[in-house]
Amino acid sequence: MRLSQGFWQTYKETPNDAEIPSHQLMMRAGLIHKTAGGLYTYLPMAFRSIKKIEKIVREELDRIGCYEVQMSVITPAELWKETGRWEAMGPQMLRIKDRAERELCVSPTNEETVTDVFRKTINSYKQLPVCLYQINTKFRDEIRPRFGLLRGREFTMKDAYSLHIDKDCLNAFYEKMYGAYVAIFKRMGLDFIVVEADGGAMAAGGAKTHEFQLVADIGEDTLVTVPATGYAANIEKAPTQRTGLKPQVASELTRFSTPNQKTCEEVAAAHGFDITHTLKALVMQVIRGEKTHYYMVMLLGDDQLNEVKFKNAMAADHVRPAQAHELEKLGLIKGFMGPTVEVQGLSVVYDLTVDMNSSYVVGANVAEHHMKGFVPSRDTKGNVKSLDLRLAKEGDVMNGQPIVMKKGIEVGHVFQLGDKYTKSMGATVLNAQGKAITPLMGCYGIGTTRTLAAAIEQNHDQDGIIWPAAIAPYDVYFGVIAKTDETKKVAEDIYQTFLAAGIEVLYDDRGMGPGGMFKDADLMGLPCRVVLGERDFAATGEIEIKVRKTGETLKVQKNALVATLKEKLQSLGKWA
RNA sequence: CGGGGCGUAGCGCAGGGGUAGCGCACUUGCUUGGGGUGCAAGAGGUCGCAGGUUCAAAUCCUGUCGCCCCGACCA
């Protein structure tokens with residue numbers, strides 16, 4: 001493309017509302033235009049990249065036998081009511097009504113739609129397994145969209161859905177899809193890790209799920225990795241252990257005064273206790289169906305509750321910390337609660353890390369007092385239960401191996417849905433015995449527009465973007481510094497040579513000064529920059545190639561230009 | 001939804017009852033040529049919107065809409 005005729009504008013200043021590098025750079029480099037909060041227009045440069053990402057996705061999915069479809073973006077309420085998600089999705093789902101007052105929504109995801117397709121078209125086990133996918137617009141009315149394309153409201157996602165006769169078949173396909181995902185992100189040249197994830201309410205028992213995470217400091221997910229074993233998990237899931245805990249010999253239970261000392265830290269500091277010899281008590285509200293329960297959760301003084309683990313362990317629909325008025329109703333005093341009295345409607349659970357036969361400091365359930373010498377197995381009022389509930393943290397180990405924590409951006413998710421949708425929507429197929437059975441489903445997502453933003457988040461420097469070659473909008477930024485018509489003719493000739501050789505080139509024929517041109521080239525960050533400088537060319541016949549990623553510069557003769565460039569692009573992963 | 005902040009040219013900002021401003025970007029001409037060259041001349045605004053106060057409102061008051069941050073929330 002010739003920039004003199006192109007639709008491209010760069011900016012020296014960063015718009016106020018862009019906070020993180022990828023968002024700032026996408027605005028400054030003229031990749032996206034904000035239409036409204038969480039809504040973006042993809043401008044030509046960004047759209048070229050998106051199409052390259054989509055192409056890689058399509059190639060790898062087609063390779064494992066998936067079929068591309070396109071489902072309607074607007075879907076009727078009836079389908080969602082069948083699975084109960086018309087209510088469950090909440091305000092995140094954008095609902096609309098047509099002229100006949102029929103209820104519709106802008107799809108945030110498409111399990112219902114695809115299950116409807118499956119149940120009406122698949123009748124026999126002979127048609128299975130099958131996997132349909134689409135790359136389509138989704139809308140989720142996020143409470144707080146932010147970070148540009150990383151958390152927009154409208155976004156593009158590849159969503160795939162597979163259907164299987166049994167668990168073995170689902171497992172086998174899951175592995176294939178997992179492999180395809182690895183291939184996809186590798187080809188894109190991105191630094192990713194696959195982590196075990198939490199299935200949440202969508203998981204059938206024991207269902208597998210993995211997240212594909214791009215490692216980046218601004219990631220909203222925390223990942224626990226074990227370099228020694230290669231294990232990796234989302235922190236929501238990771239069952240790590242503490243080290244260096246010392247049990248304390250059981251002693252007599254004694255109440256002591258702790259005026260205005262409401263946290264474990266305060267109590268430990270004021271009385272010289274080790275923080276790991278104190279227990280913190282959290283009261284959580286747990287909702288299961290129509291019923292509400294309260295639990296007192298006991299953790300080591302410096303541990304935190306992992307609400308996802310807790311929610312799963314409780315088989316709850318919802319959990320949240322109890323509010324002040326609820327504590328009051330239970331007769332508990334915030335800051336001085338402990339499992340030292342029996343409370344109607346309140347159960348006690350311990351984190352596994354708590355040594356049930358060791359002695360701890362706990363709240364006394366008396367204002368301004370705690371107790372020491374508390375031994376959980378001996379002194380807890382009511383049933384004693386131990387579960388893994390704590391949030392993993394730096395310094396933990398897994399099976400004796402040290403962990404490393406990282407931040408990640410979730411760009412892909414593979415998930416075994418089991419029969420959740422096929423069952424509630426009445427999809428059945430006949431098996432080899434002629435018996436109607438409920439098939440199993442898997443679902444697999446890749447946020448394509450999020451991947452674009454995350455790729456920039458992962459690949460940039462202070463001057464601009466550093467595109468991975470496989471998804472760069474163009475391969476080469478070709479700039480010319482020329483006064484004479486002869487040199488301009490040489491430039492035109494080189495441009496045509498690039499086009500003929502299949503090199504995607506952004507030809508900067510705007511005639512601006514070298515400074516501005518270099519700044520724009522660095523900001524845009526195409527893999528290679530080629531510069532034809534009149535003086536150098538006249539003197540030596542050489543043309544300069546600069547690799548954006550490494551800063552490497554080489555000068556070649558005109559006739560060696562294409563070959564050298566292709567070699568460079570190859571090594572940068574352009575044809576991965 | 002709670003707390004905080006901001007809405008003045010495409011972007012970044014100043015101004016603060018009486019002629020609408022600066023820098024970048026944009027247009028034209030000359031100039032310059034290896035890290036945003038310089039000079040000159042231009043174009044671009046119902047100061048978010050609606051009421052109110054006033055001889056006069058971008059400015060003061062009320063309401064409203066939008067945006068950003070923190071939190072809550074989030075199969």
# chains A, B, ... in the order shown; residues from 1 in each chain; ligands from 1
>>> interface_residues(of="chain A", to="chain B", cutoff="10 Å", atoms="only C-alpha atoms (C1' of nucleotides)", output="PyMOL selection string")
chain A and resi 9-19+28+36-37+85+88-90+92+109+142-144+146+199-203+481-483+512-520+531+533-534
>>> residues_around(residues="segment 358-361 of chain A", least_positions_apart="4", cutoff="8 Å", atoms="only C-alpha atoms (C1' of nucleotides)", output="list of chain:residue names")
A:Pro247, A:Gln248, A:Val249, A:Ala250, A:Ser251, A:His277, A:Thr278, A:Leu279, A:His370, A:Met371, A:Lys372, A:Gly373, A:Phe374, A:Val375, A:Pro376
>>> atom_distance(atom1="atom C1' of G18 of chain B", atom2="atom C1' of A50 of chain B")
24.0 Å
>>> residues_around(residues="U27 of chain B", least_positions_apart="2", cutoff="12 Å", atoms="only C-alpha atoms (C1' of nucleotides)", output="VMD selection string")
chain B and resid 25 29 41 to 44
>>> residues_around(residues="G21 of chain B", least_positions_apart="4", cutoff="12 Å", atoms="only C-alpha atoms (C1' of nucleotides)", output="mmCIF file with N, CA, C and O atoms (P, O5', C5', C4', C3', O3' and C1' of nucleotides), in the first residue's frame")
data_model
loop_
_atom_site.group_PDB
_atom_site.id
_atom_site.type_symbol
_atom_site.label_atom_id
_atom_site.label_comp_id
_atom_site.auth_asym_id
_atom_site.auth_seq_id
_atom_site.Cartn_x
_atom_site.Cartn_y
_atom_site.Cartn_z
ATOM 1 P P U B 8 -13.727 18.709 26.128
ATOM 2 O "O5'" U B 8 -14.013 20.276 26.182
ATOM 3 C "C5'" U B 8 -15.070 20.827 25.414
ATOM 4 C "C4'" U B 8 -14.688 22.184 24.886
ATOM 5 C "C3'" U B 8 -13.440 22.213 24.016
ATOM 6 O "O3'" U B 8 -13.685 21.789 22.695
ATOM 7 C "C1'" U B 8 -13.292 23.935 25.597
ATOM 8 P P A B 9 -12.639 20.953 21.943
ATOM 9 O "O5'" A B 9 -12.508 21.666 20.527
ATOM 10 C "C5'" A B 9 -13.504 21.446 19.543
ATOM 11 C "C4'" A B 9 -12.827 21.220 18.206
ATOM 12 C "C3'" A B 9 -11.728 20.160 18.225
ATOM 13 O "O3'" A B 9 -11.696 19.479 16.977
ATOM 14 C "C1'" A B 9 -10.803 22.215 17.586
ATOM 15 P P C B 13 -4.584 15.866 28.720
ATOM 16 O "O5'" C B 13 -4.579 17.434 28.405
ATOM 17 C "C5'" C B 13 -4.721 18.387 29.425
ATOM 18 C "C4'" C B 13 -4.028 19.655 29.006
ATOM 19 C "C3'" C B 13 -4.649 20.933 29.561
ATOM 20 O "O3'" C B 13 -4.220 21.171 30.898
ATOM 21 C "C1'" C B 13 -4.214 21.223 27.262
ATOM 22 P P A B 14 -5.265 21.820 31.915
ATOM 23 O "O5'" A B 14 -5.272 23.347 31.417
ATOM 24 C "C5'" A B 14 -4.130 24.130 31.652
ATOM 25 C "C4'" A B 14 -4.171 25.462 30.972
ATOM 26 C "C3'" A B 14 -5.163 26.512 31.453
ATOM 27 O "O3'" A B 14 -4.862 27.018 32.735
ATOM 28 C "C1'" A B 14 -4.852 26.667 29.127
ATOM 29 P P G B 15 -6.007 27.438 33.748
ATOM 30 O "O5'" G B 15 -6.762 28.580 32.919
ATOM 31 C "C5'" G B 15 -6.192 29.872 32.798
ATOM 32 C "C4'" G B 15 -7.020 30.725 31.862
ATOM 33 C "C3'" G B 15 -8.385 31.157 32.405
ATOM 34 O "O3'" G B 15 -8.244 32.381 33.108
ATOM 35 C "C1'" G B 15 -8.631 30.297 30.197
ATOM 36 P P G B 45 -16.066 24.737 12.621
ATOM 37 O "O5'" G B 45 -15.834 24.813 14.195
ATOM 38 C "C5'" G B 45 -15.426 23.668 14.923
ATOM 39 C "C4'" G B 45 -15.928 23.758 16.344
ATOM 40 C "C3'" G B 45 -17.259 24.486 16.485
ATOM 41 O "O3'" G B 45 -18.135 23.768 17.332
ATOM 42 C "C1'" G B 45 -15.600 25.522 17.846
ATOM 43 P P C B 47 -20.840 26.777 22.686
ATOM 44 O "O5'" C B 47 -19.620 25.985 23.302
ATOM 45 C "C5'" C B 47 -19.435 24.595 23.100
ATOM 46 C "C4'" C B 47 -18.284 24.150 23.973
ATOM 47 C "C3'" C B 47 -18.621 24.068 25.461
ATOM 48 O "O3'" C B 47 -17.901 22.994 26.028
ATOM 49 C "C1'" C B 47 -16.893 25.626 25.133
#
>>> select_by_dssp(residues="segment 116-198 of chain A", states="alpha helix (DSSP H)", output="ChimeraX atom specification")
/A:116-121,167-187
>>> residues_around(residues="Gln127 of chain A", least_positions_apart="4", cutoff="10 Å", atoms="only C-alpha atoms (C1' of nucleotides)", output="NGL selection string")
:A and (121-123 or 163-165 or 429)
>>> write_last_selection(atoms="N, CA and C atoms", output="compact mmCIF listing (two decimals), in the first residue's frame")
# COMPACT_ATOMS: atom_id res chain seq x y z
N THR A 121 -30.25 -31.64 13.84
CA THR A 121 -29.58 -32.20 12.67
C THR A 121 -28.87 -33.52 12.94
N ILE A 122 -28.56 -33.78 14.19
CA ILE A 122 -27.79 -34.99 14.50
C ILE A 122 -28.73 -36.01 15.15
N ASN A 123 -28.86 -37.16 14.52
CA ASN A 123 -29.76 -38.17 15.05
C ASN A 123 -29.06 -39.46 15.44
N LEU A 163 -19.47 -32.32 19.65
CA LEU A 163 -20.52 -33.21 20.15
C LEU A 163 -20.03 -34.65 20.08
N HIS A 164 -20.27 -35.41 21.16
CA HIS A 164 -19.69 -36.75 21.28
C HIS A 164 -20.66 -37.74 21.86
N ILE A 165 -20.42 -39.00 21.47
CA ILE A 165 -21.29 -40.07 21.94
C ILE A 165 -20.95 -40.48 23.38
N VAL A 429 -29.25 -38.66 20.68
CA VAL A 429 -28.90 -39.39 19.46
C VAL A 429 -29.07 -40.89 19.76
>>> residues_around(residues="Thr564 of chain A", least_positions_apart="4", cutoff="12 Å", atoms="only C-alpha atoms (C1' of nucleotides)", output="PyMOL selection string")
chain A and resi 498+503+528+530+543-547+553-560+568-571
>>> write_last_selection(atoms="N, CA, C and O atoms", output="mmCIF file, in the first residue's frame")
data_model
loop_
_atom_site.group_PDB
_atom_site.id
_atom_site.type_symbol
_atom_site.label_atom_id
_atom_site.label_comp_id
_atom_site.auth_asym_id
_atom_site.auth_seq_id
_atom_site.Cartn_x
_atom_site.Cartn_y
_atom_site.Cartn_z
ATOM 1 N N PHE A 498 8.777 -5.820 -4.714
ATOM 2 C CA PHE A 498 8.205 -6.397 -3.486
ATOM 3 C C PHE A 498 6.841 -7.012 -3.768
ATOM 4 O O PHE A 498 6.545 -8.131 -3.371
ATOM 5 N N ILE A 503 5.802 -9.923 -1.117
ATOM 6 C CA ILE A 503 6.122 -9.306 0.173
ATOM 7 C C ILE A 503 5.104 -8.198 0.425
ATOM 8 O O ILE A 503 4.888 -7.330 -0.427
ATOM 9 N N CYS A 528 10.243 -5.625 9.457
ATOM 10 C CA CYS A 528 11.445 -5.075 8.829
ATOM 11 C C CYS A 528 11.183 -3.692 8.262
ATOM 12 O O CYS A 528 10.082 -3.399 7.792
ATOM 13 N N VAL A 530 12.784 -1.086 5.416
ATOM 14 C CA VAL A 530 13.721 -0.934 4.312
ATOM 15 C C VAL A 530 13.786 0.547 3.975
ATOM 16 O O VAL A 530 12.743 1.194 3.857
ATOM 17 N N ILE A 543 21.077 -0.513 -0.088
ATOM 18 C CA ILE A 543 19.791 -0.201 0.530
ATOM 19 C C ILE A 543 19.810 -0.810 1.923
ATOM 20 O O ILE A 543 20.363 -1.890 2.133
ATOM 21 N N GLU A 544 19.201 -0.098 2.880
ATOM 22 C CA GLU A 544 19.285 -0.535 4.271
ATOM 23 C C GLU A 544 18.074 -1.356 4.700
ATOM 24 O O GLU A 544 16.933 -1.014 4.404
ATOM 25 N N ILE A 545 18.353 -2.443 5.428
ATOM 26 C CA ILE A 545 17.282 -3.225 6.050
ATOM 27 C C ILE A 545 17.504 -3.172 7.555
ATOM 28 O O ILE A 545 18.612 -3.382 8.034
ATOM 29 N N LYS A 546 16.453 -2.851 8.290
ATOM 30 C CA LYS A 546 16.573 -2.860 9.742
ATOM 31 C C LYS A 546 15.494 -3.762 10.315
ATOM 32 O O LYS A 546 14.328 -3.675 9.934
ATOM 33 N N VAL A 547 15.910 -4.641 11.236
ATOM 34 C CA VAL A 547 14.964 -5.547 11.883
ATOM 35 C C VAL A 547 14.437 -4.850 13.134
ATOM 36 O O VAL A 547 15.207 -4.467 14.004
ATOM 37 N N THR A 553 20.921 -4.029 11.677
ATOM 38 C CA THR A 553 20.873 -3.283 10.421
ATOM 39 C C THR A 553 21.810 -3.928 9.426
ATOM 40 O O THR A 553 22.929 -4.281 9.776
ATOM 41 N N LEU A 554 21.347 -4.096 8.180
ATOM 42 C CA LEU A 554 22.275 -4.580 7.174
ATOM 43 C C LEU A 554 22.039 -3.844 5.867
ATOM 44 O O LEU A 554 20.941 -3.344 5.623
ATOM 45 N N LYS A 555 23.103 -3.725 5.094
ATOM 46 C CA LYS A 555 22.992 -3.012 3.824
ATOM 47 C C LYS A 555 23.211 -4.000 2.702
ATOM 48 O O LYS A 555 24.155 -4.780 2.743
ATOM 49 N N VAL A 556 22.302 -3.973 1.745
ATOM 50 C CA VAL A 556 22.404 -4.924 0.638
ATOM 51 C C VAL A 556 22.243 -4.201 -0.695
ATOM 52 O O VAL A 556 21.670 -3.123 -0.763
ATOM 53 N N GLN A 557 22.737 -4.844 -1.721
ATOM 54 C CA GLN A 557 22.535 -4.335 -3.074
ATOM 55 C C GLN A 557 21.078 -4.563 -3.466
ATOM 56 O O GLN A 557 20.420 -5.468 -2.945
ATOM 57 N N LYS A 558 20.637 -3.780 -4.380
ATOM 58 C CA LYS A 558 19.225 -3.822 -4.781
ATOM 59 C C LYS A 558 18.785 -5.226 -5.217
ATOM 60 O O LYS A 558 17.718 -5.696 -4.842
ATOM 61 N N ASN A 559 19.637 -5.898 -5.966
ATOM 62 C CA ASN A 559 19.214 -7.197 -6.489
ATOM 63 C C ASN A 559 19.179 -8.295 -5.421
ATOM 64 O O ASN A 559 18.638 -9.360 -5.651
ATOM 65 N N ALA A 560 19.772 -7.993 -4.246
ATOM 66 C CA ALA A 560 19.749 -8.988 -3.165
ATOM 67 C C ALA A 560 18.650 -8.691 -2.153
ATOM 68 O O ALA A 560 18.456 -9.426 -1.182
ATOM 69 N N LYS A 568 15.038 -12.985 6.283
ATOM 70 C CA LYS A 568 14.800 -12.341 7.583
ATOM 71 C C LYS A 568 13.389 -12.649 8.085
ATOM 72 O O LYS A 568 13.182 -13.005 9.240
ATOM 73 N N LEU A 569 12.422 -12.491 7.197
ATOM 74 C CA LEU A 569 11.026 -12.712 7.590
ATOM 75 C C LEU A 569 10.809 -14.157 7.999
ATOM 76 O O LEU A 569 10.085 -14.450 8.951
ATOM 77 N N GLN A 570 11.465 -15.039 7.279
ATOM 78 C CA GLN A 570 11.380 -16.459 7.619
ATOM 79 C C GLN A 570 11.874 -16.689 9.044
ATOM 80 O O GLN A 570 11.212 -17.328 9.854
ATOM 81 N N SER A 571 13.038 -16.115 9.348
ATOM 82 C CA SER A 571 13.613 -16.343 10.675
ATOM 83 C C SER A 571 12.775 -15.654 11.760
ATOM 84 O O SER A 571 12.824 -16.026 12.928
#
>>> atom_distance(atom1="atom CA of Met26 of chain A", atom2="atom CA of Asn234 of chain A")
28.2 Å
>>> residues_around(residues="Glu68 of chain A", least_positions_apart="2", cutoff="10 Å", atoms="only C-alpha atoms (C1' of nucleotides)", output="list of chain:residue names")
A:Arg58, A:Leu61, A:Asp62, A:Gly65, A:Cys66, A:Gln70, A:Met71, A:Cys131, A:Leu132, A:Tyr133, A:Gln134, A:Ile135, A:Lys158, A:Asp159, A:Ala160
>>> write_last_selection(atoms="C-alpha atoms", output="mmCIF file, in the first residue's frame")
data_model
loop_
_atom_site.group_PDB
_atom_site.id
_atom_site.type_symbol
_atom_site.label_atom_id
_atom_site.label_comp_id
_atom_site.auth_asym_id
_atom_site.auth_seq_id
_atom_site.Cartn_x
_atom_site.Cartn_y
_atom_site.Cartn_z
ATOM 1 C CA ARG A 58 -9.071 -21.431 10.601
ATOM 2 C CA LEU A 61 -9.118 -25.979 13.198
ATOM 3 C CA ASP A 62 -9.810 -27.167 9.671
ATOM 4 C CA GLY A 65 -11.620 -31.648 11.053
ATOM 5 C CA CYS A 66 -13.729 -28.790 12.382
ATOM 6 C CA GLN A 70 -21.812 -18.655 11.208
ATOM 7 C CA MET A 71 -24.575 -18.465 13.747
ATOM 8 C CA CYS A 131 -17.186 -29.941 15.764
ATOM 9 C CA LEU A 132 -18.588 -26.660 14.466
ATOM 10 C CA TYR A 133 -16.913 -23.316 14.905
ATOM 11 C CA GLN A 134 -17.434 -19.708 13.986
ATOM 12 C CA ILE A 135 -15.515 -16.475 14.233
ATOM 13 C CA LYS A 158 -13.725 -17.892 17.748
ATOM 14 C CA ASP A 159 -16.078 -20.307 19.466
ATOM 15 C CA ALA A 160 -16.123 -24.003 18.691
#
>>> closest_residue(among="A:Met314, A:Val343, A:Met441, A:Ala539", to="Cys169 of chain A", atoms="only C-alpha atoms")
A:Met441
>>> atom_distance(atom1="atom CA of Gly400 of chain A", atom2="atom CA of Val224 of chain A")
14.3 Å
>>> select_by_dssp(residues="segment 270-308 of chain A", states="strand (DSSP E or B)", output="JSON, numbers by chain")
{"A": [278, 279, 280, 281, 282, 283, 284, 285, 286, 287, 288, 291, 292, 293, 294, 295, 296, 297, 298, 299, 300, 305]}
>>> closest_residue(among="A:Asp509, A:Asp221, A:Asp461, A:Glu59", to="Arg548 of chain A", atoms="only C-alpha atoms")
A:Asp461
